[in-house]
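Asker: What follows is my_file_21.txt; its format and atoms are compact mmCIF, C-alpha atoms and all ligand atoms.
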```txt
# COMPACT_ATOMS: atom_id res chain seq x y z
CA MET U 146 -32.57 0.94 13.10
CA GLY U 147 -29.77 -1.52 13.26
CA SER U 148 -28.67 -0.71 9.82
CA LEU U 149 -25.16 -0.61 8.62
CA PHE U 150 -24.54 1.61 5.70
CA LEU U 151 -21.73 3.06 3.81
CA LEU U 152 -21.52 6.45 2.36
CA LEU U 153 -19.05 6.78 -0.39
CA VAL U 154 -17.95 9.93 -2.02
CA LEU U 155 -15.39 9.81 -4.73
CA LEU U 156 -13.97 13.03 -5.96
CA LEU U 157 -11.73 13.35 -8.95
CA LEU U 158 -12.17 9.79 -10.04
CA SER U 159 -9.02 8.34 -11.40
CA PRO U 160 -8.88 6.64 -14.77
CA SER U 161 -9.66 3.01 -14.28
CA SER U 162 -6.70 0.81 -14.61
CA PRO U 163 -5.88 -2.80 -13.93
CA ARG U 164 -4.89 -3.53 -10.40
CA GLY U 165 -1.52 -4.57 -9.30
CA GLY U 166 0.20 -5.43 -12.48
CA SER U 167 2.47 -8.34 -12.84
CA ALA U 168 2.69 -9.34 -9.23
CA ARG U 169 2.48 -13.04 -9.65
CA ARG U 170 4.09 -13.67 -12.96
CA ARG U 171 7.31 -15.49 -12.90
CA ARG U 172 9.39 -16.43 -15.84
CA SER U 173 11.92 -19.10 -15.60
CA ALA U 174 15.02 -18.64 -17.59
CA ARG U 175 16.50 -21.90 -18.67
CA SER U 176 18.80 -22.63 -21.45
CA HIS U 177 17.59 -24.83 -24.23
CA GLY U 178 20.55 -26.29 -25.96
CA PRO U 179 20.20 -26.53 -29.71
CA GLY U 180 18.79 -29.79 -31.05
CA GLY U 181 18.20 -31.80 -27.88
CA SER U 182 21.73 -31.99 -26.61
CA SER U 183 22.58 -33.53 -23.28
CA PRO U 184 20.92 -31.71 -20.34
CA ALA U 185 24.00 -32.12 -18.15
CA PRO U 186 25.52 -28.66 -17.47
CA SER U 187 29.06 -29.39 -18.40
CA GLU U 188 30.23 -25.96 -19.54
CA THR U 189 31.70 -23.37 -17.21
CA SER U 190 28.94 -20.94 -18.21
CA ALA U 191 26.51 -23.12 -16.27
CA LEU U 192 28.06 -21.77 -13.10
CA PHE U 193 27.50 -18.10 -13.75
CA TRP U 194 25.18 -16.12 -11.49
CA VAL U 195 22.86 -13.18 -12.08
CA LEU U 196 22.05 -10.76 -9.32
CA ILE U 197 19.56 -7.91 -9.19
CA SER U 198 19.97 -5.26 -6.55
CA PRO U 199 17.98 -4.22 -4.60
CA GLU U 200 15.69 -7.25 -4.64
CA PHE U 201 12.94 -5.43 -2.82
CA LYS U 202 12.27 -1.73 -2.89
CA ALA U 203 9.34 0.34 -1.67
CA VAL U 204 8.97 3.76 -3.24
CA PRO U 205 6.43 6.57 -2.89
CA PRO U 206 3.74 6.38 -5.58
CA GLY U 207 5.02 8.01 -8.74
CA GLY U 208 8.60 7.56 -7.58
CA SER U 209 11.52 6.09 -9.46
CA VAL U 210 14.09 3.44 -8.70
CA TRP U 211 17.41 2.15 -10.02
CA LEU U 212 18.00 -1.58 -10.32
CA ASN U 213 21.45 -2.95 -10.88
CA CYS U 214 21.61 -6.24 -12.72
CA SER U 215 25.02 -7.83 -12.46
CA SER U 216 26.47 -11.21 -13.32
CA SER U 217 29.64 -13.22 -13.05
CA CYS U 218 29.76 -13.77 -16.80
CA PRO U 219 33.11 -12.54 -18.18
CA GLN U 220 31.59 -11.68 -21.54
CA PRO U 221 27.80 -11.37 -21.45
CA GLU U 222 26.23 -11.83 -24.87
CA GLY U 223 23.23 -9.84 -23.87
CA SER U 224 21.16 -8.63 -21.00
CA SER U 225 17.60 -7.48 -20.83
CA LEU U 226 14.96 -6.28 -18.42
CA HIS U 227 11.34 -7.42 -18.45
CA THR U 228 8.94 -5.09 -16.70
CA GLU U 229 5.63 -3.34 -17.14
CA LEU U 230 7.00 -0.25 -15.44
CA ARG U 231 8.18 2.73 -17.44
CA ARG U 232 11.87 2.69 -18.31
CA GLY U 233 14.20 5.61 -17.81
CA GLU U 234 17.94 5.75 -18.29
CA THR U 235 20.31 2.83 -18.53
CA LEU U 236 23.92 2.74 -17.37
CA SER U 237 26.30 -0.11 -17.93
CA GLY U 238 29.70 -1.36 -16.94
CA PRO U 239 31.79 -4.48 -17.51
CA ARG U 240 29.48 -7.00 -15.83
CA TRP U 241 26.50 -4.94 -14.87
CA VAL U 242 23.66 -2.90 -16.29
CA SER U 243 21.76 -0.42 -14.17
CA TYR U 244 18.18 0.37 -15.18
CA GLN U 245 16.07 3.27 -14.05
CA LEU U 246 12.34 2.71 -13.67
CA LEU U 247 10.02 5.69 -13.54
CA ASP U 248 6.60 6.61 -12.24
CA VAL U 249 6.02 3.49 -10.15
CA ARG U 250 2.32 3.32 -9.33
CA ALA U 251 1.38 -0.36 -9.39
CA TRP U 252 1.38 -1.39 -5.76
CA SER U 253 3.54 -4.41 -6.58
CA SER U 254 5.55 -5.21 -9.69
CA ASP U 255 8.01 -7.97 -10.39
CA VAL U 256 10.95 -6.95 -12.53
CA HIS U 257 13.05 -9.62 -14.22
CA CYS U 258 16.55 -9.19 -15.50
CA PHE U 259 18.13 -11.72 -17.85
CA VAL U 260 21.74 -12.25 -18.83
CA THR U 261 22.94 -14.55 -21.57
CA CYS U 262 26.36 -16.09 -21.18
CA ALA U 263 27.87 -18.66 -23.56
CA GLY U 264 24.45 -19.48 -24.92
CA GLU U 265 22.76 -19.86 -21.57
CA THR U 266 20.26 -17.39 -20.14
CA ARG U 267 19.74 -16.83 -16.46
CA GLY U 268 17.57 -14.38 -14.63
CA ALA U 269 16.93 -12.65 -11.33
CA THR U 270 13.80 -10.99 -10.01
CA ALA U 271 13.19 -7.87 -7.97
CA ARG U 272 9.93 -6.66 -6.51
CA ILE U 273 8.99 -3.01 -6.46
CA THR U 274 6.20 -1.81 -4.22
CA ALA U 275 4.66 1.63 -4.23
CA TYR U 276 3.15 2.76 -0.96
CA LYS U 277 2.75 5.82 1.15
CA GLN U 278 2.34 5.59 4.90
CA PRO U 279 -0.49 7.87 6.06
CA ARG U 280 0.73 11.37 6.78
CA SER U 281 -1.60 11.40 9.76
CA VAL U 282 -4.21 9.32 11.58
CA ILE U 283 -6.43 11.62 13.62
CA LEU U 284 -9.34 10.61 15.83
CA GLU U 285 -11.61 13.55 16.60
CA PRO U 286 -12.76 13.91 20.22
CA PRO U 287 -15.84 11.65 20.51
CA VAL U 288 -19.12 13.54 20.46
CA LEU U 289 -21.96 12.30 22.62
CA ALA U 290 -25.51 12.85 21.42
CA GLY U 291 -28.71 10.81 21.46
CA GLY U 292 -27.24 7.89 23.36
CA GLU U 293 -24.39 7.45 20.89
CA TYR U 294 -20.81 8.47 20.60
CA THR U 295 -19.83 9.61 17.17
CA LEU U 296 -16.27 8.54 16.41
CA ARG U 297 -14.63 10.11 13.40
CA CYS U 298 -11.19 9.09 12.20
CA HIS U 299 -9.23 10.80 9.43
CA VAL U 300 -6.45 8.99 7.58
CA THR U 301 -4.68 11.35 5.21
CA HIS U 302 -2.38 10.93 2.22
CA VAL U 303 -2.32 7.16 2.08
CA PHE U 304 -1.58 4.77 -0.81
CA PRO U 305 -2.68 2.22 -1.97
CA VAL U 306 -6.05 2.69 -0.36
CA GLY U 307 -7.22 -0.76 -1.49
CA PHE U 308 -4.77 -2.35 0.96
CA LEU U 309 -5.82 -0.21 3.89
CA VAL U 310 -7.70 -1.48 6.93
CA VAL U 311 -9.03 1.10 9.38
CA THR U 312 -9.77 -0.18 12.89
CA LEU U 313 -11.34 1.48 15.94
CA ARG U 314 -10.45 0.18 19.38
CA ARG U 315 -11.93 0.83 22.81
CA GLY U 316 -9.39 -0.05 25.44
CA GLY U 317 -7.62 -2.92 23.76
CA GLN U 318 -10.73 -4.25 22.05
CA VAL U 319 -11.68 -3.87 18.41
CA ILE U 320 -15.00 -2.04 18.08
CA TYR U 321 -15.02 -1.88 14.34
CA SER U 322 -12.72 -2.70 11.43
CA GLU U 323 -13.12 -2.01 7.77
CA SER U 324 -11.06 -3.02 4.78
CA LEU U 325 -11.12 -0.69 1.81
CA LYS U 326 -10.11 -3.33 -0.69
CA ARG U 327 -12.89 -2.46 -3.10
CA PHE U 328 -11.14 0.83 -3.85
CA THR U 329 -8.56 0.38 -6.56
CA SER U 330 -7.57 3.98 -7.15
CA LEU U 331 -4.01 4.67 -8.15
CA HIS U 332 -3.92 7.94 -6.25
CA LEU U 333 -3.22 9.15 -2.77
CA ALA U 334 -6.39 9.23 -0.73
CA ASN U 335 -7.88 10.80 2.35
CA VAL U 336 -10.19 8.46 4.19
CA THR U 337 -12.68 9.44 6.88
CA LEU U 338 -14.36 6.70 8.88
CA THR U 339 -17.42 7.68 10.90
CA TYR U 340 -18.83 5.24 13.43
CA ALA U 341 -21.71 5.58 15.87
CA LEU U 342 -21.08 3.70 19.09
CA SER U 343 -24.00 2.98 21.41
CA VAL U 344 -23.38 4.18 24.94
CA ARG U 345 -22.73 1.51 27.55
CA PRO U 346 -22.20 2.42 31.23
CA GLY U 347 -18.79 0.75 31.37
CA ASP U 348 -17.41 2.84 28.53
CA PHE U 349 -17.08 6.15 30.33
CA GLY U 350 -13.55 7.37 30.45
CA GLN U 351 -12.32 4.53 28.25
CA PRO U 352 -9.64 5.40 25.72
CA VAL U 353 -10.51 5.01 22.05
CA THR U 354 -7.95 4.81 19.27
CA CYS U 355 -7.96 4.61 15.49
CA HIS U 356 -5.47 2.45 13.57
CA ALA U 357 -4.55 2.40 9.90
CA ARG U 358 -2.84 -0.73 8.59
CA LEU U 359 -1.39 -1.15 5.13
CA ASN U 360 -0.85 -4.80 4.36
CA LEU U 361 1.40 -5.03 1.32
CA ASP U 362 2.20 -8.59 0.47
CA GLY U 363 4.23 -9.21 3.62
CA LEU U 364 5.18 -5.62 4.38
CA VAL U 365 2.85 -4.28 7.10
CA VAL U 366 2.78 -0.55 7.79
CA LEU U 367 0.96 0.55 10.94
CA SER U 368 -0.09 4.03 12.01
CA SER U 369 -2.22 4.92 15.03
CA SER U 370 -4.02 7.98 16.31
CA ALA U 371 -3.54 9.55 19.72
CA PRO U 372 -6.06 8.09 22.20
CA MET U 373 -9.28 9.95 22.93
CA THR U 374 -11.37 9.46 26.05
CA LEU U 375 -15.09 8.67 25.86
CA PRO U 376 -16.79 11.54 27.68
CA VAL U 377 -18.89 10.92 30.76
CA PHE U 378 -22.58 10.58 30.16
CA ALA U 379 -25.23 12.13 32.43
CA TRP U 380 -27.76 9.35 32.88
CA SER U 381 -31.45 10.12 32.74
CA PRO U 382 -34.21 7.52 32.22
CA ALA U 383 -34.93 8.93 28.79
CA SER U 384 -31.37 8.79 27.59
CA LYS U 385 -30.99 5.32 29.06
CA ALA U 386 -33.93 4.09 27.02
CA LEU U 387 -32.44 5.71 23.95
CA ALA U 388 -29.08 4.12 24.53
CA PHE U 389 -30.43 0.62 24.83
CA THR U 390 -32.93 0.75 22.03
CA SER U 391 -30.45 2.09 19.56
CA ILE U 392 -28.02 -0.74 19.17
CA ALA U 393 -27.45 0.59 15.72
CA ALA U 394 -23.97 0.86 14.43
CA LEU U 395 -23.83 3.68 11.97
CA VAL U 396 -20.80 3.63 9.79
CA GLY U 397 -19.68 5.88 7.04
CA ILE U 398 -16.59 5.93 4.95
CA LEU U 399 -15.69 9.05 3.12
CA LEU U 400 -12.95 8.73 0.64
CA VAL U 401 -11.33 11.61 -1.15
CA MET U 402 -8.75 10.88 -3.75
CA GLY U 403 -7.04 13.29 -5.98
CA ILE U 404 -4.79 13.66 -8.92
CA LEU U 405 -4.29 17.22 -7.75
CA CYS U 406 -3.33 16.00 -4.35
CA MET U 407 -0.89 13.55 -5.90
CA HIS U 408 0.74 16.25 -7.97
CA LYS U 409 1.10 18.41 -4.91
CA TYR U 410 2.69 15.54 -3.05
CA LEU U 411 5.15 14.84 -5.83
CA LEU U 412 6.00 18.50 -6.02
CA ILE U 413 6.78 18.57 -2.31
CA GLN U 414 8.87 15.41 -2.67
CA SER U 415 10.88 16.87 -5.52
CA GLN U 416 11.55 20.06 -3.57
CA ARG U 417 13.12 18.14 -0.71
C1 LIG P 501 26.26 -2.24 -10.21
O1 LIG P 501 26.80 -3.38 -9.53
C2 LIG P 501 28.17 -3.65 -9.87
C3 LIG P 501 28.55 -4.95 -9.22
O2 LIG P 501 28.22 -4.96 -7.87
C4 LIG P 501 29.01 -2.45 -9.40
O3 LIG P 501 30.36 -2.70 -9.72
C5 LIG P 501 28.53 -1.20 -10.11
O4 LIG P 501 29.23 -0.08 -9.67
C6 LIG P 501 27.05 -0.99 -9.85
N1 LIG P 501 26.58 0.11 -10.66
C7 LIG P 501 25.83 1.11 -10.20
C8 LIG P 501 25.41 2.18 -11.15
O5 LIG P 501 25.50 1.14 -9.02
C1 LIG P 502 -6.31 15.44 2.29
O1 LIG P 502 -6.10 15.94 3.59
C2 LIG P 502 -5.04 16.87 3.68
C3 LIG P 502 -4.80 17.18 5.15
O2 LIG P 502 -5.98 17.31 5.86
C4 LIG P 502 -5.39 18.09 2.85
O3 LIG P 502 -4.35 19.03 2.92
C5 LIG P 502 -5.60 17.65 1.41
O4 LIG P 502 -6.02 18.74 0.62
C6 LIG P 502 -6.65 16.56 1.33
N1 LIG P 502 -6.68 16.04 -0.04
C7 LIG P 502 -7.82 15.88 -0.74
C8 LIG P 502 -7.69 15.34 -2.10
O5 LIG P 502 -8.90 16.14 -0.25
```
Show this structure as structure tokens.
Ligand SMILES: *[C@@H]1O[C@H](CO)[C@@H](O)[C@H](O)[C@H]1NC(C)=O
Ligand SMILES: *[C@@H]1O[C@H](CO)[C@@H](O)[C@H](O)[C@H]1NC(C)=O

Answerer:
Amino acid sequence: MGSLFLLLVLLLLSPSSPRGGSARRRRSARSHGPGGSSPAPSETSALFWVLISPEFKAVPPGGSVWLNCSSSCPQPEGSSLHTELRRGETLSGPRWVSYQLLDVRAWSSDVHCFVTCAGETRGATARITAYKQPRSVILEPPVLAGGEYTLRCHVTHVFPVGFLVVTLRRGGQVIYSESLKRFTSLHLANVTLTYALSVRPGDFGQPVTCHARLNLDGLVVLSSSAPMTLPVFAWSPASKALAFTSIAALVGILLVMGILCMHKYLLIQSQR
């Protein structure tokens, strides 16, 4: 009794891969004049700017994005892009280069673009985040048995599951909250949280809700279930005893992730 345990089922395990990617790396682009010349920026090139657009973009996992790197340099000597993401096509014009990045799966990646003008190199950084808001958050009607309500919440088609927190609330109060940060899969996931709530007299008729929160480095994505009402309990001495002896919170997390599921999702996306 009183035990808290987790049941974990992983189907279609994804290939292990490093988490996150290059989220925190930052390169500074500074010119180094040849042979220790004066550091004072006296040339006109010192005033040129480099811009990357958009600077922040969230895409569905596996999606692609175009980044436009432009500058005020009349005659750029070169421009380059530093990224761990897969490159696609490149388009260019007089003072800009547009880069396509494909198959974005790292939840956060910094992309740096550099332009060299009159011997000086300057850069700009964009951040690309891959996430997928849950398609649905569904709380099943609570089932009452043996002095406990069983609460079961399904969060479907969510990414990245490692940044998901699932919370159950009774009225406005948090009953239970679980972070799934130990799961580093790079695939869409279905998550089922099962929680056993001991019956208390005051709970009858109270609304219960389930909330899924993706917390992506400043971008917070919230989804909630429709409220369910805790059913009325017929009190008998036996059930009362049961209710108060079993203060156990029984929790289970069932996680189903799939490459298949991901492919299906991408297929649907591409048909839109
Ligand atoms: C990139 O940005 C430049 C400067 O804003 C603009 O002139 C150009 O049309 C853009 N290119 C693409 C492909 O969007
Ligand atoms: C996830 O749940 C959705 C909706 O219930 C279902 O269609 C899909 O097959 C599930 N995916 C996996 C990998 O179980």

Asker: Using all atoms listed in the file, find each protein or nucleic acid residue lying at most 6 Å from ligand LIG 501 (chain P); present the set as a list in words.

Answerer: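 For ligand LIG 501 (chain P), the residues inside 6 Å are Asn213, Ser215, Trp241 and Ser243 of chain U.
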
Asker: Using C-alpha atoms, can you export the residues from the last selection as an mmCIF file, in the frame of the given file?

Answerer:
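The resulting file, out.cif, is reproduced below:
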```
data_model
loop_
_atom_site.group_PDB
_atom_site.id
_atom_site.type_symbol
_atom_site.label_atom_id
_atom_site.label_comp_id
_atom_site.auth_asym_id
_atom_site.auth_seq_id
_atom_site.Cartn_x
_atom_site.Cartn_y
_atom_site.Cartn_z
ATOM 1 C CA ASN U 213 21.450 -2.950 -10.880
ATOM 2 C CA SER U 215 25.020 -7.830 -12.460
ATOM 3 C CA TRP U 241 26.500 -4.940 -14.870
ATOM 4 C CA SER U 243 21.760 -0.420 -14.170
#
```

Asker: Return the single residue from U:Val288, U:Cys298, U:Val260, U:Ala371 that is closest to Ser343 of chain U, with distances computed using only C-alpha atoms.

Answerer: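 Among the listed residues, U:Val288 lies closest to Ser343 of chain U.
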
Asker: Choose the residue, out of U:Leu296, U:Leu230, U:Val401, U:Leu246, that has the smallest atom-to-atom separation from Ala341 of chain U; count only C-alpha atoms.

Answerer: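 Using only C-alpha atoms, the shortest distance to Ala341 of chain U belongs to U:Leu296.
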
Asker: Looking at all atoms listed in the file, which of U:Ile273, U:Val242, U:Cys218, U:Val282 is the one that sits closest to ligand LIG 502 (chain P)?

Answerer: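 So, comparing all the options, the nearest one is U:Val282.
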
Asker: Between atom CA of Val249 of chain U and atom CA of Arg280 of chain U, what is the spacing in Å?

Answerer: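 So the answer is 19.4 Å.
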
Asker: Find the spatial neighbours of Leu226 of chain U, counting only C-alpha atoms, within a cut-off of 10 Å - ignore same-chain residues fewer than 4 positions away - and output them as a list in words.

Answerer: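 Here the answer would be Leu212, Cys214, Arg232, Val242, Ser243, Tyr244, Val256, His257, Cys258, Phe259, Val260, Gly268, Ala269 and Thr270 of chain U.
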
Asker: Closest to ligand LIG 502 (chain P) among U:Val303, U:Ala271, U:Ile197, U:Leu284, using only C-alpha atoms and all ligand atoms?

Answerer: U:Val303

Asker: Starting from the incomplete input, reconstruct N, CA and C atoms of segment 195-217 of chain U and report them as a PDB file, in the coordinates of the input.

Answerer:
```pdb
ATOM      1  N   VAL U 195      23.447 -14.486 -11.752  1.00  0.00           N
ATOM      2  CA  VAL U 195      22.860 -13.180 -12.080  1.00  0.00           C
ATOM      3  C   VAL U 195      22.247 -12.639 -10.801  1.00  0.00           C
ATOM      4  N   LEU U 196      22.517 -11.368 -10.556  1.00  0.00           N
ATOM      5  CA  LEU U 196      22.050 -10.760  -9.320  1.00  0.00           C
ATOM      6  C   LEU U 196      21.350  -9.443  -9.653  1.00  0.00           C
ATOM      7  N   ILE U 197      20.204  -9.225  -9.017  1.00  0.00           N
ATOM      8  CA  ILE U 197      19.560  -7.910  -9.190  1.00  0.00           C
ATOM      9  C   ILE U 197      19.551  -7.236  -7.827  1.00  0.00           C
ATOM     10  N   SER U 198      19.848  -5.965  -7.830  1.00  0.00           N
ATOM     11  CA  SER U 198      19.970  -5.260  -6.550  1.00  0.00           C
ATOM     12  C   SER U 198      19.361  -3.849  -6.643  1.00  0.00           C
ATOM     13  N   PRO U 199      18.488  -3.420  -5.720  1.00  0.00           N
ATOM     14  CA  PRO U 199      17.980  -4.220  -4.600  1.00  0.00           C
ATOM     15  C   PRO U 199      16.913  -5.217  -5.071  1.00  0.00           C
ATOM     16  N   GLU U 200      16.703  -6.263  -4.279  1.00  0.00           N
ATOM     17  CA  GLU U 200      15.690  -7.250  -4.640  1.00  0.00           C
ATOM     18  C   GLU U 200      14.290  -6.819  -4.227  1.00  0.00           C
ATOM     19  N   PHE U 201      14.229  -5.952  -3.241  1.00  0.00           N
ATOM     20  CA  PHE U 201      12.940  -5.430  -2.820  1.00  0.00           C
ATOM     21  C   PHE U 201      13.093  -3.952  -2.544  1.00  0.00           C
ATOM     22  N   LYS U 202      12.168  -3.178  -3.101  1.00  0.00           N
ATOM     23  CA  LYS U 202      12.270  -1.730  -2.890  1.00  0.00           C
ATOM     24  C   LYS U 202      10.859  -1.153  -2.816  1.00  0.00           C
ATOM     25  N   ALA U 203      10.616  -0.358  -1.802  1.00  0.00           N
ATOM     26  CA  ALA U 203       9.340   0.340  -1.670  1.00  0.00           C
ATOM     27  C   ALA U 203       9.584   1.809  -1.971  1.00  0.00           C
ATOM     28  N   VAL U 204       8.779   2.366  -2.832  1.00  0.00           N
ATOM     29  CA  VAL U 204       8.970   3.760  -3.240  1.00  0.00           C
ATOM     30  C   VAL U 204       7.633   4.509  -3.064  1.00  0.00           C
ATOM     31  N   PRO U 205       7.694   5.831  -2.921  1.00  0.00           N
ATOM     32  CA  PRO U 205       6.430   6.570  -2.890  1.00  0.00           C
ATOM     33  C   PRO U 205       5.739   6.466  -4.250  1.00  0.00           C
ATOM     34  N   PRO U 206       4.424   6.503  -4.302  1.00  0.00           N
ATOM     35  CA  PRO U 206       3.740   6.380  -5.580  1.00  0.00           C
ATOM     36  C   PRO U 206       4.200   7.469  -6.542  1.00  0.00           C
ATOM     37  N   GLY U 207       4.520   7.058  -7.758  1.00  0.00           N
ATOM     38  CA  GLY U 207       5.020   8.010  -8.740  1.00  0.00           C
ATOM     39  C   GLY U 207       6.535   8.154  -8.678  1.00  0.00           C
ATOM     40  N   GLY U 208       7.162   7.456  -7.750  1.00  0.00           N
ATOM     41  CA  GLY U 208       8.600   7.560  -7.580  1.00  0.00           C
ATOM     42  C   GLY U 208       9.378   6.745  -8.600  1.00  0.00           C
ATOM     43  N   SER U 209      10.691   6.844  -8.539  1.00  0.00           N
ATOM     44  CA  SER U 209      11.520   6.090  -9.460  1.00  0.00           C
ATOM     45  C   SER U 209      12.541   5.282  -8.683  1.00  0.00           C
ATOM     46  N   VAL U 210      13.145   4.331  -9.368  1.00  0.00           N
ATOM     47  CA  VAL U 210      14.090   3.440  -8.700  1.00  0.00           C
ATOM     48  C   VAL U 210      15.152   2.984  -9.699  1.00  0.00           C
ATOM     49  N   TRP U 211      16.343   2.735  -9.203  1.00  0.00           N
ATOM     50  CA  TRP U 211      17.410   2.150 -10.020  1.00  0.00           C
ATOM     51  C   TRP U 211      17.611   0.700  -9.601  1.00  0.00           C
ATOM     52  N   LEU U 212      17.710  -0.168 -10.603  1.00  0.00           N
ATOM     53  CA  LEU U 212      18.000  -1.580 -10.320  1.00  0.00           C
ATOM     54  C   LEU U 212      19.267  -1.957 -11.046  1.00  0.00           C
ATOM     55  N   ASN U 213      20.156  -2.568 -10.317  1.00  0.00           N
ATOM     56  CA  ASN U 213      21.450  -2.950 -10.880  1.00  0.00           C
ATOM     57  C   ASN U 213      21.457  -4.461 -11.115  1.00  0.00           C
ATOM     58  N   CYS U 214      21.592  -4.831 -12.366  1.00  0.00           N
ATOM     59  CA  CYS U 214      21.610  -6.240 -12.720  1.00  0.00           C
ATOM     60  C   CYS U 214      23.048  -6.621 -13.060  1.00  0.00           C
ATOM     61  N   SER U 215      23.631  -7.466 -12.215  1.00  0.00           N
ATOM     62  CA  SER U 215      25.020  -7.830 -12.460  1.00  0.00           C
ATOM     63  C   SER U 215      25.153  -9.340 -12.594  1.00  0.00           C
ATOM     64  N   SER U 216      26.263  -9.769 -13.158  1.00  0.00           N
ATOM     65  CA  SER U 216      26.470 -11.210 -13.320  1.00  0.00           C
ATOM     66  C   SER U 216      27.951 -11.517 -13.218  1.00  0.00           C
ATOM     67  N   SER U 217      28.239 -12.804 -13.127  1.00  0.00           N
ATOM     68  CA  SER U 217      29.640 -13.220 -13.050  1.00  0.00           C
ATOM     69  C   SER U 217      30.163 -13.600 -14.426  1.00  0.00           C
TER      70      SER U 217
END
```
